[in-house]
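**Q** My structure is below; once you've seen it, I'll send some questions.
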Amino acid sequence: MLKSEMIGIAVLGAGRAGMVHARNFAEHVPEARLVGVYDADRERVDAVVSELGTKGYYDIEDLLRDASIDAVVIAAPTFAHKDLVVAAAAAQKAILCEKPLALTPDEAEAMQEAVVAAGVPFVMGFMRRYDENFRRAREIIARGDIGRPLIIKSTGKGPGLPSRWAWDVKKSNGILGEVNSHDFDSVHWLMEAEYAWVFARGKNFRSEELRKEFPDFYDNALVMFEMTNGCLGTIDGSCPSEYGYDARIEIQGTEGLLFIGDIARHGLTVCTRSKGVAKNVVDSWRSLFRDAYLREDRHLVECLVKGVQPQTTLLDGKRALNVVRAANQSIITGKVVSL
């Protein structure tokens, strides 16, 4: 499905992530135009129409019948991903799907079958892979600059409590799915290896008010794992994180150490005798990965215009989903889970 004219894009889901994509296509991707937006919340749709001057859709079928729409960005809640992907594929729309891919392996299989049958491009929304620092780090590791990787530690924390629908771990896969899917994918991508086993613990430290209605809810989690290349690692997640957004990776090799990311916002450091060294912390994933999201959106257009293969695939989404679910199983059973 190659397109020579300007690509028409629709965004399905007008929450925080959806608005990042909507603004990108409305203002920063010259090869594409934002044709419309859909959301189950009519007020959100109206707000986007007012801000970006695009068309609002209140019925998903109306949107998918619009021949001027070549591709959709799916940024709706996770429980809606499967139905939206299957419907979009059947309508011959290219797809960029935000993480996590789905709730269950069965949903993921149904999505894969629909995409393969339709033959449409599918880009998985793992924006870290489009980030300049993450890409450079992968090149450094592959070149052997730090030797053979021994230990990898990945941190992923969000400043706000997730939406109510995500509080039921059985229906959302918890913060390991909603927040740390990026970490699980990044570790696999950087190490170029699969997960051999995981062992996890999760606790509700900060959200006492949720304990009675959602006894399985956890706002902090720690996962230990081994990769098939022998590297050991940890992933820690937290949501809410009182100090801000935090996305960092540390990799120890036989010949050196590599750090990706910083807890501090780049560009300003204040040093005083009375207060010591002070930096502003990162406030949002939207600001930290602004350029990565833009590259990701441009890549979707590139897949349509030039016919290039997606750099982040549905298979990548399935892999991360499987590890998330294994970690949640470990939290419940208290045992190591093999993959």
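Just remember, in the structure tokens the first chain shown is A, the second B, etc., residues are 1-based per chain, and ligands are 1-based in the order shown.
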Residues at most 6 Å from Val336 (chain A), counting only C-alpha atoms, excluding those fewer than 5 positions away in the same chain, as a PyMOL selection string?
**A** chain A and resi 198-199+330
**Q** Can I get the selected residues back with N, CA and C atoms, as an mmCIF file, in the first residue's frame?
**A**
data_model
loop_
_atom_site.group_PDB
_atom_site.id
_atom_site.type_symbol
_atom_site.label_atom_id
_atom_site.label_comp_id
_atom_site.auth_asym_id
_atom_site.auth_seq_id
_atom_site.Cartn_x
_atom_site.Cartn_y
_atom_site.Cartn_z
ATOM 1 N N VAL A 198 11.616 -14.455 34.780
ATOM 2 C CA VAL A 198 11.388 -13.222 35.543
ATOM 3 C C VAL A 198 10.942 -13.578 36.953
ATOM 4 N N PHE A 199 11.269 -12.697 37.887
ATOM 5 C CA PHE A 199 10.797 -12.809 39.265
ATOM 6 C C PHE A 199 10.426 -11.413 39.710
ATOM 7 N N SER A 330 4.267 -13.790 38.476
ATOM 8 C CA SER A 330 5.262 -13.957 39.537
ATOM 9 C C SER A 330 4.855 -13.208 40.793
#
**Q** What does the distance from CA of Val48 (chain A) to CA of Ala71 (chain A) come to in Å, to one decimal?
**A** 18.2 Å
**Q** Name the residues in contact with Glu139 (chain A) at a cut-off of 10 Å, using only C-alpha atoms, excluding same-chain residues fewer than 6 positions from it; report them as a ChimeraX atom specification.
**A** /A:133,145,190
**Q** Using DSSP on the backbone coordinates, identify all residues within region 2-94 of chain A classified as strand (DSSP E or B); present the result as a list in words.
**A**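 Filtering region 2-94 of chain A to strand (DSSP E or B) leaves Ile7, Gly8, Ile9, Ala10, Val11, Leu12, Ala32, Arg33, Leu34, Val35, Gly36, Val37, Tyr38, Lys55, Gly56, Tyr57, Ala71, Val72, Val73, Ile74 and Ala94 of chain A.
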**Q** Taking 6 positions as the minimum chain separation for residues in the same chain, which residues sit within 7 Å of region 169-175 of chain A when counting only C-alpha atoms? Answer as a PyMOL selection string.
**A** chain A and resi 103+216-217+219+239+325
**Q** Create the file for the chosen residues now, containing C-alpha atoms and written as a PDB file, in the first residue's frame.
**A**
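Saved the output as selection37.pdb:
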ATOM      1  CA  LEU A 103      -4.528  -7.124  27.432  1.00  0.00           C
ATOM      2  CA  ASP A 216      -4.312  -6.592  43.670  1.00  0.00           C
ATOM      3  CA  PHE A 217      -3.420  -3.026  42.694  1.00  0.00           C
ATOM      4  CA  ASP A 219       1.818   1.314  42.585  1.00  0.00           C
ATOM      5  CA  CYS A 239       3.108   5.285  39.438  1.00  0.00           C
ATOM      6  CA  ARG A 325       2.037 -11.013  32.142  1.00  0.00           C
TER       7      ARG A 325
END
**Q** Would you pick out the contacts of region 58-64 of chain A at 12 Å or less, using only C-alpha atoms, so that residues sharing its chain but fewer than 4 positions from it are not included, and give the list as a PyMOL selection string?
**A** chain A and resi 8-14+35-46+49+68-72+74+80+83-95
**Q** Can you spit out the residues from that selection as a CSV table (one decimal), in the first residue's frame, using C-alpha atoms?
**A**
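again_6.csv written:
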chain,number,residue,atom,x,y,z
A,8,GLY,CA,-4.5,11.4,5.7
A,9,ILE,CA,-4.2,10.6,9.5
A,10,ALA,CA,-6.9,10.1,12.1
A,11,VAL,CA,-6.2,9.7,15.8
A,12,LEU,CA,-8.4,7.3,17.8
A,13,GLY,CA,-8.3,8.4,21.5
A,14,ALA,CA,-7.8,12.1,22.5
A,35,VAL,CA,-8.0,14.5,8.9
A,36,GLY,CA,-9.9,13.8,12.1
A,37,VAL,CA,-10.1,12.5,15.7
A,38,TYR,CA,-12.3,10.0,17.4
A,39,ASP,CA,-12.9,9.5,21.1
A,40,ALA,CA,-15.7,7.9,23.2
A,41,ASP,CA,-15.8,11.2,25.1
A,42,ARG,CA,-17.6,13.8,22.9
A,43,GLU,CA,-16.3,16.7,24.9
A,44,ARG,CA,-12.7,15.6,24.1
A,45,VAL,CA,-13.5,15.4,20.4
A,46,ASP,CA,-15.0,18.9,20.5
A,49,VAL,CA,-11.7,20.2,16.8
A,68,SER,CA,-9.4,10.3,2.9
A,69,ILE,CA,-8.0,8.6,5.9
A,70,ASP,CA,-5.0,6.4,5.1
A,71,ALA,CA,-3.8,5.6,8.6
A,72,VAL,CA,-4.9,5.7,12.2
A,74,ILE,CA,-4.7,4.2,18.2
A,80,ALA,CA,-10.1,-1.0,23.3
A,83,ASP,CA,-11.3,-4.1,18.5
A,84,LEU,CA,-9.9,-0.9,17.0
A,85,VAL,CA,-6.9,-2.6,15.4
A,86,VAL,CA,-9.1,-5.4,13.9
A,87,ALA,CA,-11.6,-2.8,12.5
A,88,ALA,CA,-8.9,-0.5,11.2
A,89,ALA,CA,-7.1,-3.3,9.4
A,90,ALA,CA,-10.4,-4.5,7.8
A,91,ALA,CA,-10.9,-1.0,6.6
A,92,GLN,CA,-7.4,-1.0,5.0
A,93,LYS,CA,-6.0,1.6,7.2
A,94,ALA,CA,-2.3,1.6,8.2
A,95,ILE,CA,-1.9,1.5,12.0
**Q** In Å, rounded to a single decimal, give me how far CA of Arg143 (chain A) is from CA of Gly317 (chain A).
**A**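 Going from CA of Gly317 (chain A) over to CA of Arg143 (chain A), I get 26.1 Å.
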**Q** I need the helix (DSSP H, G or I) residues of region 2-34 of chain A per DSSP on the backbone, written as a list of chain:residue names.
**A** A:Arg16, A:Ala17, A:Gly18, A:Met19, A:Val20, A:His21, A:Ala22, A:Arg23, A:Asn24, A:Phe25, A:Ala26, A:Glu27
**Q** May I have the residues from that selection written out with N, CA and C atoms, as a PDB file, in the first residue's frame?
**A**
ATOM      1  N   ARG A  16      -3.812  12.027  26.643  1.00  0.00           N
ATOM      2  CA  ARG A  16      -2.500  12.670  26.602  1.00  0.00           C
ATOM      3  C   ARG A  16      -1.642  12.183  25.439  1.00  0.00           C
ATOM      4  N   ALA A  17      -1.546  10.856  25.280  1.00  0.00           N
ATOM      5  CA  ALA A  17      -0.742  10.319  24.186  1.00  0.00           C
ATOM      6  C   ALA A  17      -1.361  10.650  22.839  1.00  0.00           C
ATOM      7  N   GLY A  18      -2.671  10.525  22.748  1.00  0.00           N
ATOM      8  CA  GLY A  18      -3.336  10.836  21.497  1.00  0.00           C
ATOM      9  C   GLY A  18      -3.106  12.264  21.047  1.00  0.00           C
ATOM     10  N   MET A  19      -3.091  13.185  21.996  1.00  0.00           N
ATOM     11  CA  MET A  19      -2.885  14.586  21.648  1.00  0.00           C
ATOM     12  C   MET A  19      -1.456  14.871  21.203  1.00  0.00           C
ATOM     13  N   VAL A  20      -0.484  14.116  21.705  1.00  0.00           N
ATOM     14  CA  VAL A  20       0.888  14.258  21.200  1.00  0.00           C
ATOM     15  C   VAL A  20       0.910  13.945  19.705  1.00  0.00           C
ATOM     16  N   HIS A  21       0.307  12.834  19.336  1.00  0.00           N
ATOM     17  CA  HIS A  21       0.265  12.448  17.918  1.00  0.00           C
ATOM     18  C   HIS A  21      -0.576  13.418  17.105  1.00  0.00           C
ATOM     19  N   ALA A  22      -1.714  13.823  17.632  1.00  0.00           N
ATOM     20  CA  ALA A  22      -2.590  14.726  16.889  1.00  0.00           C
ATOM     21  C   ALA A  22      -1.883  16.046  16.574  1.00  0.00           C
ATOM     22  N   ARG A  23      -1.207  16.603  17.555  1.00  0.00           N
ATOM     23  CA  ARG A  23      -0.501  17.871  17.327  1.00  0.00           C
ATOM     24  C   ARG A  23       0.664  17.682  16.366  1.00  0.00           C
ATOM     25  N   ASN A  24       1.338  16.535  16.454  1.00  0.00           N
ATOM     26  CA  ASN A  24       2.425  16.272  15.510  1.00  0.00           C
ATOM     27  C   ASN A  24       1.915  16.286  14.075  1.00  0.00           C
ATOM     28  N   PHE A  25       0.847  15.536  13.820  1.00  0.00           N
ATOM     29  CA  PHE A  25       0.344  15.442  12.445  1.00  0.00           C
ATOM     30  C   PHE A  25      -0.331  16.730  11.985  1.00  0.00           C
ATOM     31  N   ALA A  26      -0.838  17.503  12.915  1.00  0.00           N
ATOM     32  CA  ALA A  26      -1.463  18.779  12.545  1.00  0.00           C
ATOM     33  C   ALA A  26      -0.424  19.849  12.212  1.00  0.00           C
ATOM     34  N   GLU A  27       0.779  19.734  12.807  1.00  0.00           N
ATOM     35  CA  GLU A  27       1.714  20.858  12.728  1.00  0.00           C
ATOM     36  C   GLU A  27       3.135  20.498  12.288  1.00  0.00           C
TER      37      GLU A  27
END
**Q** Nearest to Gln112 (chain A): which of A:Ile146, A:Leu257, A:Leu314, A:Ala327 is it, counting only C-alpha atoms?
**A**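 For Gln112 (chain A), the nearest of the given residues is A:Leu314.
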**Q** Looking at only C-alpha atoms, which of A:Ala76, A:Val29, A:Met6, A:Met224 is the one that sits closest to Lys153 (chain A)?
**A**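 Counting only C-alpha atoms, the residue closest to Lys153 (chain A) is A:Met224.
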**Q** In Å, with one decimal, what is the gap from CA of Lys335 (chain A) to CA of Leu232 (chain A)?
**A**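 Result for CA of Lys335 (chain A) versus CA of Leu232 (chain A): 17.1 Å, one decimal.
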**Q** Compile the contact shell of Ile140 (chain A) as a PyMOL selection string: residues with an atom at most 12 Å away, counting only C-alpha atoms, same-chain residues fewer than 6 positions apart removed.
**A** chain A and resi 133-134+146-149+190-191+251+253+255-260
**Q** Just checking: using only C-alpha atoms, which residue out of A:Ala114, A:Ile331, A:Val123, A:Cys231 ends up closest to Glu302 (chain A)?
**A** A:Val123
**Q** I'd like the contact shell of Glu226 (chain A) - 12 Å cut-off, only C-alpha atoms, skipping same-chain residues fewer than 6 positions apart - returned as a VMD selection string.
**A** chain A and resid 149 to 153 187 to 188 191 193 to 199 232 to 235 323 336 to 339
**Q** Restricting the calculation to only C-alpha atoms, which member of A:Asp168, A:Ala110, A:Tyr130, A:Glu192 is positioned closest to Pro215 (chain A)?
**A** A:Asp168
**Q** Measuring between only C-alpha atoms, which one of A:His182, A:Arg319, A:Arg135, A:Arg248 shows the shortest distance to Glu98 (chain A)?
**A**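 Going through A:His182, A:Arg319, A:Arg135, A:Arg248 one by one, the smallest distance to Glu98 (chain A) is for A:His182.
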